[in-house]
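Right, one structure below, let's go through it.
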Amino acid sequence: MRCLLAVLLLITGCSRALPPDGVVELIYASPYSPGHPFSQADQDWIKYVESQDNGRVRIRAIWSGGLISSDQSMIELRHGVADIGLVTPIYAKGGAHLLRHQTGFYIGIRSQESQIALYRCLELKSADIAAELEGLKVLAVQGGNLPGILTRDKPVQTLDDLEGLRIRAPTELLPVLRTLGAEPVSMPMGAVYSALAKGILDGVIAPEDTFRSLHFAEVAKYFAYLDIPRGAYPGRAIGRDRWESLPEDVRDILERSVPVWEQALIRRTTDAVEVGSVYGRELGMTETVLPPADQARFLEIYARNAAEMAAALARFDIDGMAVYRTARTSITPDGKVDCREAD
């Protein structure tokens with residue numbers, strides 16, 4: 001596998017100068033470009049790690065999908081294609097059923113800090129989450145900005161306007177959008193720009209930061225504000241075998257870097273909302289706000305669907321309802337998280 005890694009690095013045109021004596025080099029891989037807010041946060045993390053303990057660790061980054069993909073990233077890390085990487089269990093084609101569906105259990109939470117706190121609570125209470133992460137050591141949990149409805153040719157002013165629209169959406173929203181008459185599609189975000197530009201998609205569920213970071217404002221004209229919950233999930237990880245091979249002091253550096261990485265992700269993605277909003281206005285994007293009655297109707301359907309998704313996980317021998325109940329009892333009335341309430 002290390003030989004395969006060396007070949008892949010050669011193909012991507014990356015030279016492999018040997019690190020100085022006593023320095024541990026780790027390969028970090030991401031499907032995103034270096035300028036994306038996710039990657040900017042990754043670079044903040046890299047600077048932190050390389051500043052620790054007299055430069056004990058050096059990170060070599062491979063961007064833009066040169067080494068790792070969106071839908072196979074967990075498998076790729078388990079097999080050592082890279083040491084550390086951006087993982088997206090929400091796109092995984094198998095083996096991450098609970099990780100995908102638990103993102104629909106975050107109703108009432110609005111901040112990324114609380115999203116991360118709830119995920120950690122669910123992870124603590126559910127052995128099924130640990131089973132789906134076998135072979136990986138999580139280095140950062142990622143939340144996200146609350147999304148809206150971005151459409152190419154037709155403004156969405158009420159929920160009825162979703163009828164017949166083909167919209168890219170995360171897993172937890174697929175049945176909700178079907179109920180509303182839309183034709184939801186699941187695909188990695190990296191494929192959405194092209195699909196919008198070609199008219200394959202009519203829209204995408206996405207936050208305002210994507211207007212600039214993924215250039216969606218160039219291929220879509222309308223944005224509708226709707227109170228759509230957003231969940232958290234493991235976003236950065238290292239292969240378990242590679243983790244166990246590292247010296248203890250290097251593992252300690254990586255452990256200390258976890259909150260640094262998570263805060264960098266929050267900061268970079270939050271800052272990107274204003275940048276994206278300004279970019280959208282510059283390109284003439286039209287914004288609408290759905291009526292309060294539609295907001296209430298949407299959340300009612302969303303909540304009902306979340307419980308149904310949780311129950312349906314039983315076909316995979318996963319106690320999804322236990323995880324769902326933990327989520328509901330851990331979220332306080334003010335949108336914070338109290339994991340003790342789940343006991």
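Ordered as shown in the structure tokens, chains take letters A, B, and onward, while each chain numbers its residues from 1 and ligands are numbered from 1 in the order shown.
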Margin query: Just want the 10 Å neighbourhood of A:Ser126, counted on only C-alpha atoms, with same-chain residues fewer than 5 positions away dropped. Output as number ranges by chain.
Written below: A: 98, 120-121, 131, 318-320, 322-323, 326
Next item on the list: Identify, on the basis of only C-alpha atoms, every residue whose closest approach to A:Ile109 does not exceed 9 Å; exclude the query and any residue fewer than 3 positions from it along the same chain; express the result as a VMD selection string.
Entry: chain A and resid 106 112 114 to 115 118 229 to 231 331 to 332 334 to 337
Next item on the list: Enumerate, as a ChimeraX atom specification, the complete set of residues in stretch 103-341 of chain A that a backbone-based DSSP assignment places in strand (DSSP E).
Entry: /A:136-142,148-151,166-168,183-185,203-206,222-225,233-239,286-289
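On the backbone of this structure, DSSP gives helix (DSSP H, G or I) within stretch 181-224 of chain A to Met189, Gly190, Ala191, Val192, Tyr193, Ser194, Ala195, Leu196, Ala197, Thr210, Phe211, Arg212, Ser213, Phe216, Ala217 and Glu218 of chain A.
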Could you please take those selected residues and save N, CA and C atoms as a tab-separated table (two decimals), in the first residue's frame?
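Saved result, selection08.tsv, follows:
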chain	number	residue	atom	x	y	z
A	189	MET	N	-21.21	17.25	-3.33
A	189	MET	CA	-21.33	18.67	-3.67
A	189	MET	C	-20.38	19.07	-4.80
A	190	GLY	N	-19.27	18.37	-4.93
A	190	GLY	CA	-18.33	18.70	-5.98
A	190	GLY	C	-18.88	18.49	-7.38
A	191	ALA	N	-19.96	17.71	-7.51
A	191	ALA	CA	-20.55	17.44	-8.82
A	191	ALA	C	-21.72	18.36	-9.12
A	192	VAL	N	-22.13	19.19	-8.16
A	192	VAL	CA	-23.36	19.97	-8.30
A	192	VAL	C	-23.21	21.12	-9.30
A	193	TYR	N	-22.08	21.82	-9.30
A	193	TYR	CA	-21.92	22.96	-10.21
A	193	TYR	C	-22.16	22.55	-11.65
A	194	SER	N	-21.52	21.47	-12.07
A	194	SER	CA	-21.67	21.00	-13.44
A	194	SER	C	-23.12	20.60	-13.73
A	195	ALA	N	-23.75	19.92	-12.75
A	195	ALA	CA	-25.14	19.48	-12.94
A	195	ALA	C	-26.10	20.66	-13.05
A	196	LEU	N	-25.85	21.72	-12.28
A	196	LEU	CA	-26.67	22.93	-12.39
A	196	LEU	C	-26.43	23.62	-13.73
A	197	ALA	N	-25.18	23.74	-14.11
A	197	ALA	CA	-24.84	24.43	-15.35
A	197	ALA	C	-25.47	23.75	-16.56
A	210	THR	N	-21.72	28.62	-0.20
A	210	THR	CA	-21.44	27.93	-1.46
A	210	THR	C	-21.60	28.84	-2.67
A	211	PHE	N	-22.23	30.01	-2.51
A	211	PHE	CA	-22.38	30.93	-3.64
A	211	PHE	C	-21.01	31.26	-4.25
A	212	ARG	N	-20.02	31.45	-3.36
A	212	ARG	CA	-18.67	31.78	-3.82
A	212	ARG	C	-17.74	30.57	-3.77
A	213	SER	N	-17.76	29.83	-2.67
A	213	SER	CA	-16.79	28.75	-2.51
A	213	SER	C	-16.94	27.67	-3.56
A	216	PHE	N	-21.73	28.53	-6.96
A	216	PHE	CA	-23.10	28.23	-7.32
A	216	PHE	C	-23.85	29.47	-7.83
A	217	ALA	N	-23.45	30.66	-7.37
A	217	ALA	CA	-24.14	31.87	-7.81
A	217	ALA	C	-23.95	32.12	-9.30
A	218	GLU	N	-22.99	31.47	-9.90
A	218	GLU	CA	-22.76	31.62	-11.34
A	218	GLU	C	-23.75	30.82	-12.17
Stretch 303-317 of chain A: which residues within 7 Å, counting only C-alpha atoms, same-chain residues fewer than 4 positions away excluded, as a compact mmCIF listing (two decimals) with C-alpha atoms, in the first residue's frame?
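What follows is the written file result04.txt:
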# COMPACT_ATOMS: atom_id res chain seq x y z
CA HIS A 101 -29.18 9.39 8.93
CA GLY A 104 -31.54 14.45 10.48
CA PHE A 105 -31.92 14.38 14.28
CA VAL A 176 -39.01 15.32 2.90
CA LEU A 299 -40.46 21.38 10.08
CA MET A 321 -34.67 4.98 17.64
CA TYR A 324 -33.04 9.55 17.87
